[in-house]
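The block underneath contains the structure these notes are about, expressed in structure tokens.
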Amino acid sequence: MNKVTDDHHRAATGLTADLVEEARSVTDGRLLRTPVVPSPALSEVFGVRVHLKLECLQVTGSFKARGALFAMHRLRAQGVREVSACSAGNHGKGIAWAASELGMKAVVFVPRSVDASKLEAMRSLGASVELSEFVGYDDTEAWALEEAERRGLPWVSAYDDPAVMAANGGTVALEVLEQAPEARTFVMPVGGGGHAAGFTFMAGLRLADTRFVMCQHRESPGFQLSVDRGEPVTELPAIETLASGLEGGFGTRTFEILRDRYDEIRLVSEEEIRNAMRWMARRHGLIIEGSSAAAVAACLQNPPIETVGDVVVFISGRNIAMNTALDVLGGG
């Protein structure tokens with residue numbers, strides 16, 4: 001990408017390499033450097049070496065703790081002591097954990113469809129959690145933004161914030177490039193786009209020949225629709241899904257970054273997500289949430305994903321209610 005375009009993206013999104021390095025300095029030592037492990041089963045599928053980046057082993061069970069910690073650290077340095085956020089679960093859990101680490105308070109607004117285990121975790125970490133009357137994320141976020149403004153609470157976006165992108169995606173990119181230096185193909189689940197935007201931005205600065213594969217729910221493909229229309233589709237109707245982290249519209253800043261950086265979009269069905277969850281339990285002994293499973297589901301599709309070099313598949317989270325996990329795993 002040329003300098004003019006880089007300057008344009010910097011001005012439009014606020015995301016820079018320096019911000020990613022700052023995020024790493026803040027999160028190092030407080031969060032885990034999650035492992036990258038080989039996947040013999042997926043290597044057999046692709047015919048090349050495939051690795052799993054296990055963000056499901058992060059301290060809160062997902063990568064979202066990275067962005068929450070960094071964004072709140074920066075706000076705390078400005079004198080902020082209480083924040084607000086909207087979440088389908090993992091961002092809220094990250095916000096609650098970061099608040100406890102930093103001695104801050106947090107109000108998290110969640111849809112009434114929120115996973116029970118995530119709701120319990122947010123409350124146990126000390127956050128004030130408020131359930132909306134809405135099932136979907138987008139309606140809940142619209143209400144939450146109004147409430148945050150009414151109460152005068154600073155807002156920490158789950159994805160459309162440069163600090164969140166820098167930590168959720170950028171710091172993960174720095175780790176992966178060190179842990180799997182031969183990797184050039186990266187397969188990731190995509191919801192609002194924060195992780196994908198930060199990752200592709202930073203990896204794209206370091207590597208010349210890459211393939212970035214975005215994996216979305218077929219019934220809520222915010223990024224695909226944004227690409228089709230040439231502008232961010234920020235709101236979508238609610239759907240019932242195991243992959244609640246992928247449901248809803250796409251970010252404005254994240255679209256500005258990703259529109260020029262992705263190589264392929266894979267859409268997966270609810271049944272493919274369920275099958276991928278069972279596949280991961282059977283082949284890797286890992287219980288993962290539906291949003292994570294979207295990337296695995298894409299890897300199991302035909303025709304197969306086109307690859308360059310080694311492959312890294314992102315396992316983004318493990319937070320799922322036990323009864324839901326048992327229901328899914330008992331189905332196959």
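Every chain in the structure tokens takes a letter, A first, then B, and so on in the order presented; its residues are numbered from 1, and the ligands are numbered from 1 following the presented order.
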
Exercise for the section: Write out as a list in words the residues lying within 6 Å of stretch 165-178 of chain A, counting only C-alpha atoms and excluding same-chain residues fewer than 3 positions away. Expected result: Val20, Ala23, Arg24, Arg66, Gly67, Pro162, Pro181, Gly194, His195, Gly198, Phe199, Met202 and Ala203 of chain A

Any chance you could tabulate, as JSON lines, the residues of stretch 159-243 of chain A at most 12 Å from stretch 80-91 of chain A with each one's nearest atom pair and distance in Å to one decimal, using only C-alpha atoms, in chain and rising number order?
{"residue": "A:Tyr159", "atom": "CA", "partner": "A:His91", "partner_atom": "CA", "distance": 8.9}
{"residue": "A:Asp160", "atom": "CA", "partner": "A:Ala85", "partner_atom": "CA", "distance": 11.8}
{"residue": "A:Asp161", "atom": "CA", "partner": "A:Ala85", "partner_atom": "CA", "distance": 11.9}
{"residue": "A:Val164", "atom": "CA", "partner": "A:His91", "partner_atom": "CA", "distance": 10.1}
{"residue": "A:Asn168", "atom": "CA", "partner": "A:His91", "partner_atom": "CA", "distance": 10.3}
{"residue": "A:Gly191", "atom": "CA", "partner": "A:Ala88", "partner_atom": "CA", "distance": 10.7}
{"residue": "A:Gly192", "atom": "CA", "partner": "A:Ser87", "partner_atom": "CA", "distance": 11.1}
{"residue": "A:Gly194", "atom": "CA", "partner": "A:His91", "partner_atom": "CA", "distance": 11.0}
{"residue": "A:His195", "atom": "CA", "partner": "A:His91", "partner_atom": "CA", "distance": 11.6}
{"residue": "A:Ala238", "atom": "CA", "partner": "A:Ala88", "partner_atom": "CA", "distance": 11.9}
{"residue": "A:Thr241", "atom": "CA", "partner": "A:Ala88", "partner_atom": "CA", "distance": 11.5}
{"residue": "A:Leu242", "atom": "CA", "partner": "A:Ala88", "partner_atom": "CA", "distance": 11.2}
{"residue": "A:Ala243", "atom": "CA", "partner": "A:Ala88", "partner_atom": "CA", "distance": 9.7}

Practice task
Give me the residues within 6 Å of stretch 254-266 of chain A as a ChimeraX atom specification, counting only C-alpha atoms and dropping any in the same chain fewer than 3 places off.
Solution key: /A:193,197,211-215,251

Can you check which parts of stretch 219-321 of chain A lie within 12 Å of stretch 26-40 of chain A? Per residue, the shortest pair of atoms and distance in Å to one decimal, counting only C-alpha atoms, sorted by chain and number, as CSV.
residue,atom,partner,partner_atom,distance
A:Met280,CA,A:Ser39,CA,10.2
A:Arg283,CA,A:Ser39,CA,8.9
A:His284,CA,A:Ser39,CA,7.9
A:Gly285,CA,A:Ser39,CA,11.6
A:Leu286,CA,A:Ser39,CA,12.0
A:Val296,CA,A:Ser39,CA,11.2
A:Cys299,CA,A:Ser39,CA,11.8
A:Asp310,CA,A:Pro38,CA,10.5
A:Val311,CA,A:Pro38,CA,9.8
A:Val312,CA,A:Val36,CA,8.3
A:Val313,CA,A:Ser39,CA,9.3
A:Phe314,CA,A:Val36,CA,9.3
A:Ile315,CA,A:Val36,CA,10.0
A:Ser316,CA,A:Thr34,CA,10.7
A:Gly317,CA,A:Thr34,CA,11.6

Problem - Expected answer as a ChimeraX atom specification: helix (DSSP H, G or I) residues in stretch 43-252 of chain A - result: /A:43-46,55-57,64-77,90-102,116-124,137-151,162-179,194-206,222-229,244-246,252

Handout entry: Nearest to A:Leu153, chosen from A:Pro232, A:Val107, A:Ala208, A:Ala294, with only C-alpha atoms counted in the distances
Key =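 Of all the options, A:Val107 lies closest to A:Leu153.
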
Exercise for the section: Assign secondary structure with DSSP using the backbone only, and return the residues of stretch 181-260 of chain A in strand (DSSP E or B) as a PyMOL selection string. Expected result: chain A and resi 183-189+211-217

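Among the candidate residues A:Val45, A:Val190, A:Thr234, A:Leu15, the one lying nearest to A:Asn302 is A:Val45, with distances computed using only C-alpha atoms.
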
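Here the question is which of A:Ser43, A:Ser113, A:Ser220, A:Ser62 gets nearest to A:Leu236 using only C-alpha atoms, and that residue is A:Ser220.
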
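Taking atom CA of A:Tyr137 and atom CA of A:Thr252 as endpoints, the distance between them is 16.0 Å.
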
Problem - Counting only C-alpha atoms, the residue of A:Ser25, A:Leu267, A:Ala196, A:Val233 that sits nearest A:Glu219 - result: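 Among A:Ser25, A:Leu267, A:Ala196, A:Val233, it is A:Leu267 that comes nearest to A:Glu219.
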
Handout entry: Computed interatomic separation between atom CA of A:Asn323 and atom CA of A:Thr140 (Å)
Key = 24.8 Å

Would you pick out the contacts of stretch 319-321 of chain A at 9 Å or less, using only C-alpha atoms, so that residues sharing its chain but fewer than 6 positions from it are not included, and give the list as a PDB file with C-alpha atoms, in the first residue's frame?
ATOM      1  CA  CYS A  56      -9.576 -19.030  23.512  1.00  0.00           C
ATOM      2  CA  THR A  60     -11.087 -13.957  29.873  1.00  0.00           C
ATOM      3  CA  GLY A  61     -11.539 -16.782  27.383  1.00  0.00           C
ATOM      4  CA  SER A  62     -11.259 -14.558  24.303  1.00  0.00           C
ATOM      5  CA  GLY A  89     -20.553 -11.122  25.824  1.00  0.00           C
ATOM      6  CA  ASN A  90     -16.808 -11.301  25.219  1.00  0.00           C
ATOM      7  CA  ASP A 115     -25.041 -16.264  26.638  1.00  0.00           C
ATOM      8  CA  ALA A 116     -25.721 -17.113  30.287  1.00  0.00           C
ATOM      9  CA  SER A 117     -22.082 -17.942  31.058  1.00  0.00           C
ATOM     10  CA  LYS A 118     -20.918 -14.581  29.715  1.00  0.00           C
ATOM     11  CA  LEU A 242     -24.555 -19.756  18.431  1.00  0.00           C
ATOM     12  CA  ILE A 287     -14.664 -26.744  23.432  1.00  0.00           C
ATOM     13  CA  ILE A 288     -15.022 -23.454  21.584  1.00  0.00           C
ATOM     14  CA  GLU A 289     -17.834 -20.968  21.119  1.00  0.00           C
ATOM     15  CA  GLY A 290     -19.760 -20.565  17.906  1.00  0.00           C
TER      16      GLY A 290
END

Handout entry: Counting only C-alpha atoms, the option among A:Gly309, A:Gly14, A:Gly204, A:Gly249 closest to A:Ser226
Key =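 Checking each of A:Gly309, A:Gly14, A:Gly204, A:Gly249 against A:Ser226, counting only C-alpha atoms, the winner is A:Gly249.
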